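All remarks here apply to the structure that follows.
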Amino acid sequence: MGRSGRVAGQRRRQAVERGGGRSFRRARLGSVSGGRRRGDYLGKTIQVIPHVTNEIKDFLRIGQDEVDFMLCEIGGTVGDIEGLPFFEAIRQFIHERPRGQSILMHLTLLPYLAASGELK
């Protein structure tokens with residue numbers, strides 16, 4: 001929950017605090033690269049989909065039985081190439097869950113420009 005949890009005065013264990021950098025490093029440098037070195041991909045090229053997205057989903061599943069709910073924030077700008085594996089992984093993750101157990105919410109900042117009197 002990052003900054004949101006700190007503002008709300010919430011204290012959490014490190015196990016429930018997961019950042020995108022940690023999951024991407026795990027996906028890219030951990031299991032996927034280790035699997036490549038071990039020959040798990042049988043000489044095939046490692047792909048973002050399914051290899052990296054599967055690792056991100058596995059990372060999200062860690063400790064899921066220990067919590068009542070999970071809030072997963074994907075920061076950044078929609079459309080930036082760096083965020084695409086996360087958006088695809090969360091899309092797949094939602095569709096793999098039983099109906100009614102997940103919700104996606106898109107939040108964005110709409111700055112008000114006083115000079116022009118409009119939202120940008």
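By convention in this document, the chains of the structure tokens carry letters A, B, ... by their order, each chain's residues are numbered from 1, and ligands are numbered from 1 in the order they are shown.
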
What's the 12 Å shell around Ile90 (chain A), counting only C-alpha atoms, without same-chain residues fewer than 3 positions away, as a ChimeraX atom specification? /A:20,52-61,71-74,83-87,93-97,102-105

Would you export the selected residues with C-alpha atoms as a PDB file, in the first residue's frame, please?
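The result, written out as again.pdb:
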ATOM      1  CA  GLY A  20       6.623  -3.628  -8.473  1.00  0.00           C
ATOM      2  CA  VAL A  52       7.299 -12.775 -17.034  1.00  0.00           C
ATOM      3  CA  THR A  53       3.549 -12.361 -16.473  1.00  0.00           C
ATOM      4  CA  ASN A  54       3.344 -15.800 -14.854  1.00  0.00           C
ATOM      5  CA  GLU A  55       6.132 -14.845 -12.452  1.00  0.00           C
ATOM      6  CA  ILE A  56       4.347 -11.597 -11.541  1.00  0.00           C
ATOM      7  CA  LYS A  57       1.120 -13.557 -10.871  1.00  0.00           C
ATOM      8  CA  ASP A  58       3.014 -16.090  -8.749  1.00  0.00           C
ATOM      9  CA  PHE A  59       4.479 -13.194  -6.780  1.00  0.00           C
ATOM     10  CA  LEU A  60       0.974 -11.799  -6.186  1.00  0.00           C
ATOM     11  CA  ARG A  61      -0.203 -15.177  -4.873  1.00  0.00           C
ATOM     12  CA  LEU A  71      -4.834  -4.002  -2.776  1.00  0.00           C
ATOM     13  CA  CYS A  72      -2.556  -4.052  -5.776  1.00  0.00           C
ATOM     14  CA  GLU A  73      -1.475  -0.659  -7.054  1.00  0.00           C
ATOM     15  CA  ILE A  74       0.149  -0.463 -10.440  1.00  0.00           C
ATOM     16  CA  GLY A  83       4.078  -1.152 -17.146  1.00  0.00           C
ATOM     17  CA  LEU A  84       2.618  -3.448 -19.781  1.00  0.00           C
ATOM     18  CA  PRO A  85       3.758  -6.750 -18.207  1.00  0.00           C
ATOM     19  CA  PHE A  86       2.098  -5.674 -14.932  1.00  0.00           C
ATOM     20  CA  PHE A  87      -1.168  -4.659 -16.610  1.00  0.00           C
ATOM     21  CA  PHE A  93      -4.841 -12.708 -12.472  1.00  0.00           C
ATOM     22  CA  ILE A  94      -8.356 -11.217 -12.255  1.00  0.00           C
ATOM     23  CA  HIS A  95      -9.743 -13.585 -14.881  1.00  0.00           C
ATOM     24  CA  GLU A  96      -8.270 -16.613 -13.102  1.00  0.00           C
ATOM     25  CA  ARG A  97     -10.099 -15.739  -9.861  1.00  0.00           C
ATOM     26  CA  SER A 102     -11.861  -9.251  -7.754  1.00  0.00           C
ATOM     27  CA  ILE A 103     -12.324  -5.715  -8.923  1.00  0.00           C
ATOM     28  CA  LEU A 104     -10.223  -3.487 -11.131  1.00  0.00           C
ATOM     29  CA  MET A 105     -10.257   0.236 -10.553  1.00  0.00           C
TER      30      MET A 105
END

Top pick for closest residue to Gly75 (chain A), considering A:Val48, A:Ala89, A:Leu107, A:Ile62 and counting only C-alpha atoms: A:Leu107

CA of Pro111 (chain A) to CA of Asp80 (chain A), straight-line distance in Å: 20.0 Å
